[in-house]
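Down below is the structure, laid out as structure tokens.
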Amino acid sequence: MTKSPFPGMDPYLERHWRDVHGSLVFLAKKALQAQLGEGLIARSEERLIVEEAGENARSIYPDVRVVEHGLHGPLAMPEYSGIAVAEPLVLQVESEPLVERFVEILDTSAGGRVVTVIEFISPTNKRPGEGQRQYQRKQQECMDAGVNLAEVDLTRQGDRKLLVSRGQIPLAARATYQACIYRAWFKGRSGLMGQYELYGLPLQNRLPAIRIPLREHDSDVALDLQSLVNDAYEAGGYGRTLNYREPPEPPLAAEDVGWAEHLLA
């Protein structure tokens with residue numbers, strides 16, 4: 001199988017999010033680069049997050065490393081004649097930095113000023129901890145600096161923390177996946193800056209192309225989310241490794257289970 005059986009986002013890819021995320025960032029940068037006009041370039045950037053093991057207890061990918069070995073040096077126990085001394089299992093749990101990448105569009109005619117940031121939201125951004133705190137600081141920095149922000153959430157794990165909260169999104173626009181575009185330079189009738197554009201991305205539908213804003217005088221460029229997911233699926237060879245006979249992780253919502261079983265049959 002070279003293509004995913006799902007028409008939109010493949011929920012089985014979430015178990016391999018770190019690899020998929022890296023592919024999406026690279027592919028998005030490449031797709032945008034071909035559309036940018038003079039003075040604009042797309043680059044990938046990264047931030048490092050170090051989280052404690054307790055904050056990652058529900059992680060579906062290994063943010064901590066467990067090393068198993070025997071006792072050595074001063075921890076070694078002396079031999080006791082006639083007494084069996086149990087040998088413990090020694091574990092070293094170490095926090096490892098998690099690299100999160102994102103895309104920036106820069107205005108080279110203005111000294112490399114950041115115009116737009118594109119983020120593919122990770123479960124780390126949606127769970128309490130340093131990853132979520134850093135992401136929320138990034139949201140605020142974009143708003144304070146007048147930078148457009150495109151948030152694309154193609155994961156189901158965690159509590160979604162987009163610039164527009166779930167309670168502010170009309171029921172008809174809520175979906176399994178979500179995208180939010182913050183157009184920083186827009187000025188409404190009230191004089192307040194900023195406009196929010198929402199895309200509901202249902203599991204059962206093909207992912208759309210979304211509008212990415214640039215400088216105020218530039219036309220928007222399109223980012224075809226479905227093409228990105230399809231190419232990431234193929235680049236990772238997931239058609240040869242995913243086991244569609246088992247439920248995805250995390251499990252599907254109850255209303256989607258029957259549809260998915262019929263699709264995979």
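Ordered as shown in the structure tokens, chains take letters A, B, and onward, while each chain numbers its residues from 1 and ligands are numbered from 1 in the order shown.
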Expected answer as a ChimeraX atom specification: strand (DSSP E) residues in stretch 143-187 of chain A: /A:148-153,177-187
Selection file, N, CA and C atoms, as a PDB file, in the first residue's frame:
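Writing the result to out.pdb gives the following:
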```pdb
ATOM      1  N   ASN A 148       1.629  37.220  11.480  1.00  0.00           N
ATOM      2  CA  ASN A 148       0.557  36.274  11.163  1.00  0.00           C
ATOM      3  C   ASN A 148       0.915  34.900  11.733  1.00  0.00           C
ATOM      4  N   LEU A 149      -0.098  34.165  12.187  1.00  0.00           N
ATOM      5  CA  LEU A 149       0.129  32.831  12.747  1.00  0.00           C
ATOM      6  C   LEU A 149      -0.878  31.853  12.165  1.00  0.00           C
ATOM      7  N   ALA A 150      -0.370  30.774  11.561  1.00  0.00           N
ATOM      8  CA  ALA A 150      -1.219  29.690  11.056  1.00  0.00           C
ATOM      9  C   ALA A 150      -1.020  28.477  11.952  1.00  0.00           C
ATOM     10  N   GLU A 151      -2.081  28.042  12.612  1.00  0.00           N
ATOM     11  CA  GLU A 151      -2.036  26.886  13.510  1.00  0.00           C
ATOM     12  C   GLU A 151      -2.812  25.743  12.872  1.00  0.00           C
ATOM     13  N   VAL A 152      -2.151  24.610  12.680  1.00  0.00           N
ATOM     14  CA  VAL A 152      -2.786  23.442  12.074  1.00  0.00           C
ATOM     15  C   VAL A 152      -2.678  22.287  13.060  1.00  0.00           C
ATOM     16  N   ASP A 153      -3.817  21.825  13.555  1.00  0.00           N
ATOM     17  CA  ASP A 153      -3.825  20.736  14.536  1.00  0.00           C
ATOM     18  C   ASP A 153      -4.392  19.477  13.883  1.00  0.00           C
ATOM     19  N   TYR A 177     -10.196  17.638  13.616  1.00  0.00           N
ATOM     20  CA  TYR A 177      -8.981  18.425  13.467  1.00  0.00           C
ATOM     21  C   TYR A 177      -9.378  19.867  13.195  1.00  0.00           C
ATOM     22  N   GLN A 178      -8.464  20.788  13.408  1.00  0.00           N
ATOM     23  CA  GLN A 178      -8.809  22.197  13.305  1.00  0.00           C
ATOM     24  C   GLN A 178      -7.606  22.996  12.808  1.00  0.00           C
ATOM     25  N   ALA A 179      -7.877  24.064  12.090  1.00  0.00           N
ATOM     26  CA  ALA A 179      -6.836  25.023  11.720  1.00  0.00           C
ATOM     27  C   ALA A 179      -7.343  26.415  12.038  1.00  0.00           C
ATOM     28  N   CYS A 180      -6.437  27.263  12.511  1.00  0.00           N
ATOM     29  CA  CYS A 180      -6.776  28.637  12.852  1.00  0.00           C
ATOM     30  C   CYS A 180      -5.725  29.561  12.252  1.00  0.00           C
ATOM     31  N   ILE A 181      -6.165  30.568  11.524  1.00  0.00           N
ATOM     32  CA  ILE A 181      -5.270  31.549  10.912  1.00  0.00           C
ATOM     33  C   ILE A 181      -5.481  32.890  11.595  1.00  0.00           C
ATOM     34  N   TYR A 182      -4.417  33.475  12.120  1.00  0.00           N
ATOM     35  CA  TYR A 182      -4.469  34.810  12.710  1.00  0.00           C
ATOM     36  C   TYR A 182      -3.834  35.783  11.727  1.00  0.00           C
ATOM     37  N   ARG A 183      -4.656  36.694  11.205  1.00  0.00           N
ATOM     38  CA  ARG A 183      -4.198  37.687  10.239  1.00  0.00           C
ATOM     39  C   ARG A 183      -3.882  38.964  11.019  1.00  0.00           C
ATOM     40  N   ALA A 184      -2.596  39.173  11.294  1.00  0.00           N
ATOM     41  CA  ALA A 184      -2.188  40.183  12.267  1.00  0.00           C
ATOM     42  C   ALA A 184      -2.465  41.611  11.819  1.00  0.00           C
ATOM     43  N   TRP A 185      -2.344  41.881  10.513  1.00  0.00           N
ATOM     44  CA  TRP A 185      -2.449  43.258  10.052  1.00  0.00           C
ATOM     45  C   TRP A 185      -3.881  43.711   9.774  1.00  0.00           C
ATOM     46  N   PHE A 186      -4.838  42.806   9.895  1.00  0.00           N
ATOM     47  CA  PHE A 186      -6.232  43.162   9.601  1.00  0.00           C
ATOM     48  C   PHE A 186      -6.751  44.145  10.655  1.00  0.00           C
ATOM     49  N   LYS A 187      -7.454  45.161  10.200  1.00  0.00           N
ATOM     50  CA  LYS A 187      -8.043  46.151  11.100  1.00  0.00           C
ATOM     51  C   LYS A 187      -9.537  46.215  10.869  1.00  0.00           C
TER      52      LYS A 187
END
```
Residues near stretch 145-147 of chain A, cut-off 12 Å, only C-alpha atoms, skip fewer than 5 positions along chain, as a list of chain:residue names: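 Final neighbour list, sorted by chain and number: A:Glu104, A:Ile105, A:Leu106, A:Asp107, A:Arg113, A:Val114, A:Val115, A:Thr116, A:Val117, A:Ile118, A:Lys138, A:Gln139, A:Gln140, A:Ile181, A:Tyr182, A:Arg183, A:Ala184, A:Trp185, A:Phe186, A:Lys187, A:Met193, A:Gly194, A:Gln195, A:Ile212, A:Pro213, A:Leu214, A:Arg215, A:Glu216.
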All residues 12 Å or closer to A:Tyr238, only C-alpha atoms, same chain fewer than 5 positions away omitted, as a PyMOL selection string: chain A and resi 1-5+10+12-17+19-20+229-233+243-244
One-decimal distance in Å that lies between atom CA of A:Ser23 and atom CA of A:Leu242: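 Answer for the atom CA of A:Leu242 to atom CA of A:Ser23 separation: 17.0 Å.
Among A:Asn205, A:Glu141, A:Pro11, A:His217, the residue with the shortest atom-to-atom distance to A:Pro251, counting only C-alpha atoms, is A:Pro11.
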Test item: residues at most 10 Å from stretch 26-28 of chain A, only C-alpha atoms, excluding those fewer than 6 positions along its chain, as a PDB file with C-alpha atoms, in the first residue's frame:
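The new file selection.pdb reads:
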```
ATOM      1  CA  ALA A  42      10.358  30.307   3.891  1.00  0.00           C
ATOM      2  CA  ARG A  43      12.672  28.817   6.484  1.00  0.00           C
ATOM      3  CA  SER A  44      12.285  26.167   9.172  1.00  0.00           C
ATOM      4  CA  ARG A 101      10.105  22.632  14.305  1.00  0.00           C
ATOM      5  CA  PHE A 102       7.948  25.212  12.579  1.00  0.00           C
ATOM      6  CA  VAL A 103       7.993  27.324   9.420  1.00  0.00           C
ATOM      7  CA  ILE A 118       3.136  28.167  10.452  1.00  0.00           C
ATOM      8  CA  PHE A 120       1.747  22.049  13.123  1.00  0.00           C
ATOM      9  CA  LEU A 223      -1.137  25.391   1.630  1.00  0.00           C
ATOM     10  CA  ASP A 224      -2.721  22.106   0.502  1.00  0.00           C
ATOM     11  CA  LEU A 225      -2.862  20.102   3.732  1.00  0.00           C
ATOM     12  CA  SER A 227      -0.980  16.889  -0.306  1.00  0.00           C
ATOM     13  CA  LEU A 228       1.337  17.392   2.680  1.00  0.00           C
ATOM     14  CA  VAL A 229      -0.173  14.457   4.572  1.00  0.00           C
ATOM     15  CA  ASP A 231       3.546  13.002   0.827  1.00  0.00           C
ATOM     16  CA  ALA A 232       4.476  12.520   4.495  1.00  0.00           C
TER      17      ALA A 232
END
```
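With only C-alpha atoms as the basis for measurement, A:Leu98 is the residue among A:Leu89, A:Leu98, A:Leu32, A:Ala84 that approaches A:Arg18 most closely.
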Straight-line distance linking atom CA of A:Pro247 with atom CA of A:Arg206, stated in Å to one decimal: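 Atom-to-atom, atom CA of A:Pro247 to atom CA of A:Arg206, that is 20.8 Å.
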